[in-house]
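J.: My structure file data.cif, mmCIF, C-alpha atoms, is below:
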```
data_entry
#
loop_
_atom_site.label_atom_id
_atom_site.label_comp_id
_atom_site.auth_asym_id
_atom_site.auth_seq_id
_atom_site.Cartn_x
_atom_site.Cartn_y
_atom_site.Cartn_z
CA MET A 1 -31.18 -12.99 -23.48
CA THR A 2 -27.66 -12.16 -22.33
CA TRP A 3 -25.89 -13.63 -19.29
CA PHE A 4 -26.00 -10.23 -17.61
CA PRO A 5 -28.53 -7.37 -17.73
CA ARG A 6 -27.71 -5.05 -20.62
CA ASP A 7 -28.71 -1.38 -20.78
CA GLN A 8 -27.61 -0.90 -17.19
CA TRP A 9 -25.05 1.17 -15.32
CA TYR A 10 -22.15 -0.69 -13.71
CA VAL A 11 -19.30 0.42 -11.48
CA ALA A 12 -16.06 0.03 -13.45
CA ALA A 13 -13.62 1.56 -10.98
CA TYR A 14 -13.09 3.95 -8.13
CA GLY A 15 -12.44 7.46 -9.37
CA SER A 16 -9.16 7.30 -7.48
CA GLU A 17 -7.99 4.48 -9.77
CA ILE A 18 -8.21 6.59 -12.91
CA ALA A 19 -5.35 9.06 -13.42
CA HIS A 20 -3.88 10.65 -16.54
CA ASP A 21 -2.68 7.23 -17.57
CA LEU A 22 -4.08 4.28 -19.50
CA PHE A 23 -6.26 1.98 -17.39
CA SER A 24 -8.18 -1.06 -18.56
CA ARG A 25 -10.94 -3.10 -16.95
CA THR A 26 -13.34 -5.64 -18.42
CA VAL A 27 -16.99 -5.01 -17.60
CA CYS A 28 -19.69 -7.46 -18.70
CA GLY A 29 -17.23 -9.10 -21.06
CA GLU A 30 -16.24 -5.80 -22.68
CA PRO A 31 -12.63 -4.60 -22.24
CA ILE A 32 -12.80 -0.86 -21.62
CA LEU A 33 -10.01 1.72 -21.77
CA PHE A 34 -10.09 4.64 -19.34
CA TRP A 35 -8.02 7.68 -18.70
CA ARG A 36 -8.56 11.00 -16.96
CA THR A 37 -8.17 13.89 -19.36
CA ARG A 38 -6.12 16.97 -18.54
CA GLU A 39 -9.43 18.70 -17.77
CA GLY A 40 -10.15 16.00 -15.18
CA THR A 41 -12.99 14.09 -16.83
CA VAL A 42 -12.92 10.32 -17.22
CA THR A 43 -13.05 8.85 -20.73
CA ALA A 44 -14.26 5.31 -21.48
CA MET A 45 -13.95 3.55 -24.83
CA PRO A 46 -13.30 0.04 -26.13
CA ASP A 47 -9.81 -1.19 -25.31
CA ARG A 48 -9.25 -2.48 -28.83
CA CYS A 49 -7.75 -0.70 -31.82
CA VAL A 50 -10.20 -0.83 -34.74
CA HIS A 51 -7.36 -1.85 -37.02
CA ARG A 52 -6.04 -5.19 -35.71
CA ARG A 53 -7.65 -5.27 -32.23
CA PHE A 54 -4.44 -4.53 -30.31
CA PRO A 55 -5.34 -3.50 -26.74
CA LEU A 56 -4.80 0.22 -26.42
CA SER A 57 -3.92 -0.19 -22.75
CA GLN A 58 -1.11 -2.59 -23.63
CA ALA A 59 2.46 -1.27 -23.87
CA PRO A 60 3.91 0.03 -26.06
CA SER A 61 0.54 1.80 -26.60
CA ARG A 62 0.82 5.15 -24.85
CA LEU A 63 -1.04 8.27 -23.90
CA VAL A 64 0.23 11.50 -25.47
CA ASP A 65 -1.56 14.52 -24.05
CA ASP A 66 -5.17 13.45 -24.49
CA GLN A 67 -4.61 11.04 -27.36
CA VAL A 68 -3.90 7.33 -27.19
CA VAL A 69 -1.43 5.93 -29.72
CA CYS A 70 -1.79 2.23 -30.51
CA GLY A 71 1.44 0.40 -29.76
CA TYR A 72 1.10 -1.89 -32.77
CA HIS A 73 0.70 0.37 -35.85
CA GLY A 74 0.22 3.86 -34.43
CA PHE A 75 -3.51 4.43 -34.92
CA THR A 76 -4.21 7.49 -32.77
CA TYR A 77 -7.50 8.33 -31.03
CA ASP A 78 -8.65 11.41 -29.19
CA ALA A 79 -10.60 11.49 -25.91
CA THR A 80 -13.92 11.10 -27.77
CA GLY A 81 -12.73 7.94 -29.51
CA LYS A 82 -12.28 9.65 -32.86
CA CYS A 83 -9.30 8.37 -34.85
CA VAL A 84 -7.14 11.36 -35.73
CA ALA A 85 -4.17 9.66 -37.37
CA VAL A 86 -3.30 6.43 -39.14
CA PRO A 87 0.14 5.39 -40.40
CA GLY A 88 1.39 6.13 -43.89
CA GLN A 89 -1.63 8.02 -45.25
CA THR A 90 -3.44 11.28 -44.70
CA ARG A 91 -7.00 9.92 -45.11
CA VAL A 92 -8.47 8.49 -41.93
CA PRO A 93 -11.13 5.88 -42.81
CA ARG A 94 -14.60 7.00 -41.83
CA THR A 95 -15.18 3.89 -39.74
CA ALA A 96 -11.99 4.38 -37.75
CA ARG A 97 -13.74 5.32 -34.53
CA LEU A 98 -14.10 3.92 -31.05
CA LEU A 99 -17.64 4.30 -29.74
CA PRO A 100 -17.29 5.87 -26.29
CA TYR A 101 -19.19 4.49 -23.32
CA PRO A 102 -21.45 6.81 -21.34
CA VAL A 103 -19.53 7.42 -18.13
CA VAL A 104 -20.46 9.14 -14.87
CA GLU A 105 -18.24 9.76 -11.86
CA GLN A 106 -20.41 9.78 -8.75
CA ASP A 107 -20.15 8.83 -5.07
CA SER A 108 -16.45 7.92 -5.55
CA PHE A 109 -17.29 5.40 -8.30
CA VAL A 110 -16.80 5.52 -12.07
CA TRP A 111 -19.99 4.18 -13.63
CA VAL A 112 -20.24 3.01 -17.24
CA PHE A 113 -23.36 2.18 -19.20
CA ILE A 114 -23.29 -1.21 -20.90
CA GLY A 115 -25.82 -1.30 -23.72
CA ASP A 116 -27.38 1.13 -26.17
CA PRO A 117 -25.97 4.58 -25.25
CA ALA A 118 -29.33 6.13 -26.16
CA GLY A 119 -30.74 4.60 -22.98
CA ALA A 120 -28.05 5.94 -20.67
CA ASP A 121 -30.06 8.01 -18.21
CA ALA A 122 -27.65 9.03 -15.45
CA SER A 123 -30.53 9.79 -13.09
CA ARG A 124 -31.14 6.01 -12.87
CA ILE A 125 -27.80 5.38 -11.17
CA ALA A 126 -28.34 4.25 -7.59
CA ARG A 127 -26.70 6.52 -5.03
CA ALA A 128 -24.27 5.91 -2.16
CA PRO A 129 -23.71 9.47 -0.90
CA TRP A 130 -21.95 8.48 2.36
CA LEU A 131 -18.84 7.53 0.41
CA VAL A 132 -18.08 11.19 -0.31
CA ASP A 133 -19.86 12.79 2.65
CA PRO A 134 -17.49 14.67 5.00
CA ALA A 135 -19.70 13.54 7.90
CA TYR A 136 -18.45 9.99 7.26
CA THR A 137 -15.04 8.35 7.06
CA THR A 138 -14.74 5.66 4.41
CA VAL A 139 -12.40 2.77 3.73
CA CYS A 140 -12.74 0.77 0.52
CA GLY A 141 -11.23 -1.78 -1.80
CA MET A 142 -11.91 -4.20 -4.64
CA GLU A 143 -11.26 -7.92 -4.73
CA PRO A 144 -11.33 -10.04 -7.89
CA LEU A 145 -13.78 -12.90 -7.63
CA GLN A 146 -13.47 -16.00 -9.81
CA ALA A 147 -17.19 -16.69 -9.64
CA ARG A 148 -20.33 -15.50 -11.41
CA TYR A 149 -21.88 -12.33 -10.06
CA GLU A 150 -25.11 -14.11 -9.07
CA LEU A 151 -23.21 -15.99 -6.36
CA LEU A 152 -22.14 -12.71 -4.77
CA VAL A 153 -25.73 -11.43 -4.94
CA ASP A 154 -26.93 -14.60 -3.19
CA ASN A 155 -24.21 -14.17 -0.59
CA LEU A 156 -24.97 -10.54 0.23
CA LEU A 157 -28.76 -10.89 0.28
CA ASP A 158 -28.59 -13.60 2.95
CA LEU A 159 -26.42 -12.43 5.82
CA SER A 160 -27.17 -15.48 7.96
CA HIS A 161 -23.94 -16.85 6.50
CA GLU A 162 -22.04 -14.35 8.68
CA THR A 163 -22.56 -16.66 11.65
CA TYR A 164 -20.75 -19.53 9.97
CA LEU A 165 -18.36 -18.06 7.41
CA HIS A 166 -17.36 -14.90 9.28
CA GLY A 167 -17.33 -15.99 12.93
CA GLY A 168 -14.79 -13.96 14.92
CA TYR A 169 -15.19 -10.97 12.61
CA ILE A 170 -18.82 -9.99 11.97
CA GLY A 171 -20.65 -13.23 12.67
CA THR A 172 -22.45 -13.98 15.93
CA PRO A 173 -25.13 -16.60 16.70
CA GLU A 174 -27.94 -14.03 16.56
CA VAL A 175 -27.47 -13.24 12.86
CA ALA A 176 -28.51 -16.69 11.72
CA SER A 177 -31.20 -17.08 14.38
CA THR A 178 -33.05 -13.78 13.88
CA PRO A 179 -35.96 -13.79 11.40
CA ILE A 180 -35.86 -11.43 8.43
CA THR A 181 -38.40 -9.19 6.78
CA THR A 182 -38.32 -8.86 3.01
CA GLU A 183 -39.88 -6.20 0.82
CA VAL A 184 -39.71 -5.71 -2.92
CA ASP A 185 -40.53 -2.41 -4.55
CA GLU A 186 -41.60 -3.45 -8.02
CA ASP A 187 -41.73 0.09 -9.38
CA ALA A 188 -38.39 1.30 -8.03
CA GLY A 189 -36.70 -2.07 -8.66
CA ILE A 190 -35.30 -2.47 -5.13
CA VAL A 191 -35.08 -5.46 -2.79
CA TYR A 192 -35.05 -4.75 0.96
CA VAL A 193 -34.10 -7.28 3.61
CA SER A 194 -34.13 -6.37 7.28
CA ARG A 195 -32.84 -8.19 10.31
CA HIS A 196 -33.16 -6.35 13.62
CA MET A 197 -31.32 -7.99 16.48
CA ASP A 198 -32.34 -6.18 19.65
CA ASP A 199 -30.12 -8.07 22.09
CA ALA A 200 -27.07 -9.53 20.43
CA GLU A 201 -23.43 -10.29 21.00
CA CYS A 202 -21.15 -7.53 19.71
CA PRO A 203 -18.70 -8.96 17.14
CA PRO A 204 -15.08 -7.74 17.16
CA PHE A 205 -15.66 -5.72 13.97
CA TYR A 206 -17.95 -3.42 15.93
CA SER A 207 -16.67 -3.71 19.52
CA LYS A 208 -13.15 -2.67 18.52
CA SER A 209 -14.29 0.15 16.24
CA THR A 210 -17.07 1.62 18.40
CA GLY A 211 -15.84 0.76 21.89
CA LEU A 212 -19.21 -0.77 22.77
CA GLN A 213 -18.87 -3.81 25.01
CA GLY A 214 -21.32 -6.52 25.98
CA ARG A 215 -24.73 -6.92 24.40
CA ILE A 216 -25.91 -4.56 21.66
CA ALA A 217 -28.82 -3.75 19.42
CA ARG A 218 -27.69 -4.57 15.89
CA TRP A 219 -29.84 -3.72 12.92
CA GLN A 220 -29.09 -4.80 9.38
CA ASP A 221 -31.14 -3.14 6.65
CA ILE A 222 -30.22 -4.23 3.15
CA GLU A 223 -31.17 -2.24 0.08
CA TYR A 224 -30.20 -3.85 -3.23
CA THR A 225 -30.77 -2.09 -6.51
CA PRO A 226 -30.07 -4.68 -9.21
CA PRO A 227 -27.88 -5.24 -10.96
CA CYS A 228 -24.94 -3.46 -9.39
CA LEU A 229 -25.40 -1.52 -6.16
CA TYR A 230 -25.89 -3.12 -2.75
CA LYS A 231 -26.14 -1.18 0.49
CA LEU A 232 -26.20 -2.50 4.04
CA HIS A 233 -27.35 0.12 6.53
CA SER A 234 -25.85 -1.17 9.75
CA ARG A 235 -26.93 0.31 13.09
CA ILE A 236 -25.09 -0.56 16.30
CA ALA A 237 -26.38 0.75 19.63
CA PRO A 238 -26.68 -0.08 23.32
CA VAL A 239 -29.49 -2.55 24.02
CA GLY A 240 -32.82 -0.71 24.33
CA SER A 241 -31.75 2.31 22.30
CA VAL A 242 -33.96 3.20 19.34
CA PRO A 243 -33.95 6.18 16.98
CA ARG A 244 -35.88 9.20 18.25
CA ALA A 245 -39.19 10.30 16.84
CA ASP A 246 -37.53 13.22 15.04
CA GLY A 247 -35.31 10.81 13.13
CA THR A 248 -32.12 11.53 15.03
CA ASP A 249 -30.25 8.61 16.54
CA PRO A 250 -27.52 10.04 18.78
CA ASP A 251 -26.84 6.89 20.81
CA ALA A 252 -26.16 4.69 17.80
CA PHE A 253 -23.17 4.09 15.56
CA HIS A 254 -23.98 3.91 11.86
CA VAL A 255 -22.00 2.03 9.26
CA GLU A 256 -22.95 2.10 5.60
CA VAL A 257 -21.51 -0.96 3.90
CA VAL A 258 -21.63 -0.58 0.13
CA TYR A 259 -20.87 -3.18 -2.50
CA ALA A 260 -20.76 -2.75 -6.25
CA ILE A 261 -21.23 -6.11 -7.94
CA THR A 262 -19.84 -5.83 -11.46
CA PRO A 263 -19.67 -8.83 -13.79
CA GLU A 264 -16.27 -9.15 -15.46
CA THR A 265 -16.95 -12.32 -17.43
CA GLU A 266 -19.62 -15.00 -17.12
CA THR A 267 -17.63 -16.59 -14.31
CA SER A 268 -15.75 -13.70 -12.72
CA THR A 269 -16.77 -10.56 -10.88
CA HIS A 270 -15.32 -7.30 -9.61
CA ASP A 271 -16.20 -7.19 -5.91
CA PHE A 272 -16.04 -3.51 -4.90
CA TRP A 273 -16.56 -2.88 -1.19
CA ALA A 274 -16.69 0.24 0.95
CA VAL A 275 -17.33 0.86 4.64
CA ALA A 276 -18.44 4.36 5.65
CA ARG A 277 -18.90 5.26 9.34
CA ASP A 278 -20.27 8.23 11.21
CA PHE A 279 -17.99 7.84 14.25
CA ALA A 280 -14.26 7.99 14.94
CA LEU A 281 -14.05 10.34 12.00
CA GLY A 282 -10.56 10.59 10.61
CA ASP A 283 -9.21 8.14 13.19
CA GLU A 284 -6.54 6.31 11.20
CA GLU A 285 -6.28 3.44 13.65
CA VAL A 286 -10.01 2.71 13.38
CA SER A 287 -9.82 3.10 9.59
CA ALA A 288 -6.94 0.63 9.36
CA PHE A 289 -8.78 -1.86 11.58
CA LEU A 290 -12.04 -1.64 9.62
CA ALA A 291 -10.25 -1.82 6.26
CA ASP A 292 -8.25 -4.85 7.31
CA SER A 293 -11.24 -6.58 8.92
CA ASN A 294 -13.63 -5.96 6.06
CA ARG A 295 -11.08 -7.06 3.49
CA THR A 296 -10.58 -10.25 5.49
CA VAL A 297 -14.34 -10.82 5.49
CA VAL A 298 -14.58 -10.15 1.76
CA LEU A 299 -11.73 -12.57 1.10
CA GLN A 300 -13.51 -15.24 3.17
CA ASP A 301 -16.45 -14.80 0.80
CA VAL A 302 -14.14 -14.85 -2.21
CA VAL A 303 -12.62 -18.17 -1.17
CA ALA A 304 -16.06 -19.71 -0.59
CA LEU A 305 -17.59 -18.39 -3.81
CA ASN A 306 -14.58 -19.39 -5.91
CA VAL A 307 -15.11 -22.93 -4.64
CA LEU A 308 -18.84 -22.72 -5.40
CA GLU A 309 -18.11 -21.64 -8.96
CA LYS A 310 -15.97 -24.75 -9.46
CA VAL A 311 -18.71 -26.92 -7.94
CA ILE A 312 -21.28 -25.47 -10.34
CA ALA A 313 -18.95 -25.91 -13.31
CA THR A 314 -18.66 -29.63 -12.68
CA GLU A 315 -22.19 -30.51 -11.57
CA PRO A 316 -24.66 -32.30 -13.83
CA GLU A 317 -27.39 -30.33 -15.60
CA GLY A 318 -30.58 -29.79 -13.67
CA TYR A 319 -29.21 -29.83 -10.13
CA GLN A 320 -32.00 -28.86 -7.75
CA GLU A 321 -30.90 -26.68 -4.87
CA LEU A 322 -32.98 -26.13 -1.75
CA SER A 323 -34.23 -22.77 -0.50
CA ILE A 324 -35.53 -21.94 2.98
CA ASN A 325 -36.84 -18.84 4.74
CA ILE A 326 -33.45 -17.10 4.90
CA ASP A 327 -33.36 -17.13 1.09
CA THR A 328 -36.49 -15.03 0.60
CA GLY A 329 -34.55 -11.88 -0.27
CA GLY A 330 -32.03 -13.68 -2.42
CA LEU A 331 -34.82 -15.30 -4.43
CA ALA A 332 -36.37 -11.87 -4.96
CA ALA A 333 -33.04 -10.55 -6.24
CA ARG A 334 -32.60 -13.52 -8.59
CA ARG A 335 -36.04 -12.95 -10.03
CA MET A 336 -35.37 -9.26 -10.56
CA LEU A 337 -32.04 -10.00 -12.26
CA SER A 338 -33.71 -12.58 -14.47
CA ARG A 339 -36.32 -10.04 -15.50
CA LEU A 340 -33.62 -7.48 -16.32
CA ARG A 341 -31.71 -10.06 -18.38
CA GLY A 342 -34.95 -10.88 -20.20
CA LYS A 343 -35.21 -7.30 -21.36
CA SER A 344 -31.73 -7.46 -22.84
CA MET B 1 -37.84 -0.74 4.83
CA THR B 2 -39.41 1.25 2.09
CA THR B 3 -41.82 4.13 2.55
CA SER B 4 -42.67 3.96 -1.15
CA THR B 5 -46.32 3.95 -2.14
CA GLY B 6 -45.65 1.94 -5.29
CA ARG B 7 -46.29 -1.75 -5.86
CA ILE B 8 -44.72 -3.44 -2.85
CA PHE B 9 -44.50 -7.13 -2.02
CA ARG B 10 -44.03 -7.69 1.72
CA ILE B 11 -42.91 -10.93 3.34
CA HIS B 12 -42.79 -11.27 7.09
CA TRP B 13 -41.44 -14.22 8.99
CA VAL B 14 -44.25 -15.09 11.39
CA PRO B 15 -42.80 -14.73 14.91
CA GLY B 16 -42.19 -17.99 16.70
CA THR B 17 -42.87 -20.10 13.62
CA ASP B 18 -41.15 -21.26 10.45
CA ARG B 19 -43.86 -19.71 8.30
CA LEU B 20 -43.68 -16.76 5.94
CA HIS B 21 -46.57 -14.33 5.57
CA ALA B 22 -46.77 -12.80 2.09
CA THR B 23 -48.73 -9.68 1.21
CA CYS B 24 -49.17 -8.69 -2.42
CA HIS B 25 -49.47 -5.08 -3.57
CA CYS B 26 -53.14 -5.88 -4.26
CA ALA B 27 -53.58 -6.65 -0.53
CA ALA B 28 -54.00 -10.41 -1.04
CA GLU B 29 -52.31 -12.34 1.77
CA ARG B 30 -51.20 -15.91 2.28
CA GLU B 31 -48.86 -17.95 4.45
CA PHE B 32 -46.18 -20.32 3.17
CA GLU B 33 -43.54 -22.71 4.43
CA ASP B 34 -41.48 -22.52 1.26
CA PRO B 35 -40.13 -19.24 -0.17
CA VAL B 36 -40.07 -20.65 -3.70
CA GLU B 37 -43.81 -21.39 -3.56
CA LEU B 38 -44.30 -17.99 -1.97
CA TRP B 39 -42.66 -16.16 -4.87
CA ASP B 40 -44.52 -18.31 -7.40
CA TRP B 41 -47.76 -17.15 -5.80
CA LEU B 42 -46.80 -13.48 -5.50
CA LEU B 43 -45.57 -13.29 -9.07
CA ALA B 44 -48.70 -14.96 -10.40
CA HIS B 45 -50.65 -11.83 -9.46
CA PRO B 46 -53.53 -11.41 -10.08
CA GLU B 47 -54.10 -15.16 -10.48
CA GLY B 48 -55.18 -16.67 -7.17
CA HIS B 49 -55.09 -13.31 -5.40
CA THR B 50 -58.66 -13.12 -4.28
CA PRO B 51 -59.10 -10.83 -1.29
#
```
Reformat the file's structure so that it appears as structure tokens.
T.:
Amino acid sequence: MTWFPRDQWYVAAYGSEIAHDLFSRTVCGEPILFWRTREGTVTAMPDRCVHRRFPLSQAPSRLVDDQVVCGYHGFTYDATGKCVAVPGQTRVPRTARLLPYPVVEQDSFVWVFIGDPAGADASRIARAPWLVDPAYTTVCGMEPLQARYELLVDNLLDLSHETYLHGGYIGTPEVASTPITTEVDEDAGIVYVSRHMDDAECPPFYSKSTGLQGRIARWQDIEYTPPCLYKLHSRIAPVGSVPRADGTDPDAFHVEVVYAITPETETSTHDFWAVARDFALGDEEVSAFLADSNRTVVLQDVVALNVLEKVIATEPEGYQELSINIDTGGLAARRMLSRLRGKS
Amino acid sequence: MTTSTGRIFRIHWVPGTDRLHATCHCAAEREFEDPVELWDWLLAHPEGHTP
């Protein structure tokens, strides 16, 4: 068993991060080299020269057209990972090859498959279509987390912590005090957690962005597809407003909060976050407010989880934590992750 | 919530109480005060899941 689920798709970057330039990011302990070819596709291959392991993203390694030249001895690889030149001799050893990672650019993310490439079925990648939908305006970012990815999963599956950790931003008393409903789809591999607050205080995150004042209906519907993609369907509306029978919901504001939880190492995580809204489209002031507020909230989590990681690192073996009703969804996610790791 | 017709575990927080009501995909139901015990029971399916 590995410390993370193998044979899975993970978000390695936003597509906007990858240009015609060398870019490196470690995913599940594997340093990966990316660049966007002149045709516009994203390549992904190990960020280590097969010769003496020099990182190909490290200067003076460089990209020449669509070939990367190792900055140590000049081994040269094309966009498929094939070595096309070595120094001082015409024969390129047969084993001089970087095995490319399956890569898919979708919903603004660059996904890579970590595991046996034969199992890389792109149709299994969970979707977040709002992030590229012109009917939504999206702000996004990524924060490095010095904590194991499971701590971020715990954090996001139990939003009652908003009341205490994120007061003044997204937390109000009703979040912690409203019971949740949990469902697990064993066949699809999805954990759902719902908290519908029908008469709640409106936190600044939503009052300032939507203009709604006073009490609101606030629905939080979580959909987590382990290991990587987490979606929070957030619905904000005047008290008493519910979606219509035909599925339309004209009185409500909808925010799709998307996280990609990508392990970097056993004790560090790439915390990708995005906030897509179906109101104030293109309004740069609202975008700046939501981006700043959500980043602040994410950084509050980062500080807390970084501390937790240190606590775990120094605690004695066999520490028994306590779980209560609010943890029902988080426990389901842990179990699903454990099962995926067991298959690795 | 899901509209899937696959194997679904459902856990509802019983209104006005601290209890959790678990329903297995086999339709077995049981109430719990502890989510850890709840998951142990659900995942033991079909053991102890008499209708």
J.: Would you kindly return, as an mmCIF file with C-alpha atoms, in the frame of the given file, each protein, DNA or RNA residue with an atom no farther than 7 Å from any atom of region 56-73 of chain A, considering only C-alpha atoms and excluding same-chain residues fewer than 5 positions away?
T.:
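The result, written out as selection-v5.cif:
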```cif
data_model
loop_
_atom_site.group_PDB
_atom_site.id
_atom_site.type_symbol
_atom_site.label_atom_id
_atom_site.label_comp_id
_atom_site.auth_asym_id
_atom_site.auth_seq_id
_atom_site.Cartn_x
_atom_site.Cartn_y
_atom_site.Cartn_z
ATOM 1 C CA ASP A 21 -2.680 7.230 -17.570
ATOM 2 C CA LEU A 22 -4.080 4.280 -19.500
ATOM 3 C CA PHE A 23 -6.260 1.980 -17.390
ATOM 4 C CA SER A 24 -8.180 -1.060 -18.560
ATOM 5 C CA LEU A 33 -10.010 1.720 -21.770
ATOM 6 C CA THR A 37 -8.170 13.890 -19.360
ATOM 7 C CA ARG A 38 -6.120 16.970 -18.540
ATOM 8 C CA ASP A 47 -9.810 -1.190 -25.310
ATOM 9 C CA ARG A 48 -9.250 -2.480 -28.830
ATOM 10 C CA CYS A 49 -7.750 -0.700 -31.820
ATOM 11 C CA ASP A 78 -8.650 11.410 -29.190
ATOM 12 C CA ALA A 79 -10.600 11.490 -25.910
ATOM 13 C CA PRO A 87 0.140 5.390 -40.400
#
```
J.: Can you list what the PyMOL selection byres ((chain B and resi 34-48) around 12) grabs from this structure, as a ChimeraX atom specification?
T.: /A:182-184,186,321-336,339 /B:7-13,18-33,49-51
J.: Starting from the shown file, work through the PyMOL selection byres ((chain A and resi 115) around 6) and note down what comes out as a PyMOL selection string.
T.: chain A and resi 6-7+114+116
J.: Work out how far apart CA of Glu309 (chain A) and CA of Ser344 (chain A) are and give it in Å to one decimal.
T.: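 Calculated distance between CA of Glu309 (chain A) and CA of Ser344 (chain A) is 24.1 Å.
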J.: Compile the contact shell of region 121-133 of chain A as a ChimeraX atom specification: residues with an atom at most 7 Å away, counting all atoms listed in the file, same-chain residues fewer than 5 positions apart removed.
T.: /A:9,107-108,138,225,229,276
J.: Between A:Thr181, A:Thr172, A:Thr2, A:Thr76, which has the minimum distance to chain B (counting only C-alpha atoms)?
T.: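 Among the listed residues, the smallest separation from chain B belongs to A:Thr181.
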J.: Would you compute the distance between CA of Ile236 (chain A) and CA of Asp292 (chain A)? Give it in Å to one decimal.
T.: 19.6 Å
J.: Suppose you want the space between CA of Gln8 (chain A) and CA of Gly81 (chain A); what is it in Å?
T.: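 That distance, rounded to one decimal, is 21.2 Å.
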J.: Choose the residue, out of A:Gly282, A:Gly318, A:Gly40, A:Pro227, that has the smallest atom-to-atom separation from Tyr10 (chain A); count only C-alpha atoms.
T.: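 Residue with the minimum atom-to-atom distance to Tyr10 (chain A): A:Pro227.
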J.: Mind telling me what the PyMOL selection byres ((chain A and resi 239) around 10) catches here, as a ChimeraX atom specification?
T.: /A:197-200,214-218,236-238,240-242
J.: Counting all atoms listed in the file, figure out which residue out of A:His196, A:Lys310, A:Arg244, A:His254 gets nearest to chain B.
T.: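 Checking each of A:His196, A:Lys310, A:Arg244, A:His254 against chain B, counting all atoms listed in the file, the winner is A:His196.
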J.: So which residues touch Glu105 (chain A) within 9 Å, counting all atoms listed in the file, skipping near sequence neighbours fewer than 3 positions away, as a VMD selection string?
T.: chain A and resid 14 to 15 41 to 42 108 to 112
J.: Work out where the centre of an axis-aligned box around every listed atom of region 49-64 of chain A lies and how long its edges are once 4 Å is added on each side; give both in Å to one decimal as lines of an AutoDock Vina configuration file.
T.:
```
center_x = -3.1
center_y = 3.1
center_z = -29.9
size_x = 22.1
size_y = 24.8
size_z = 22.3
```
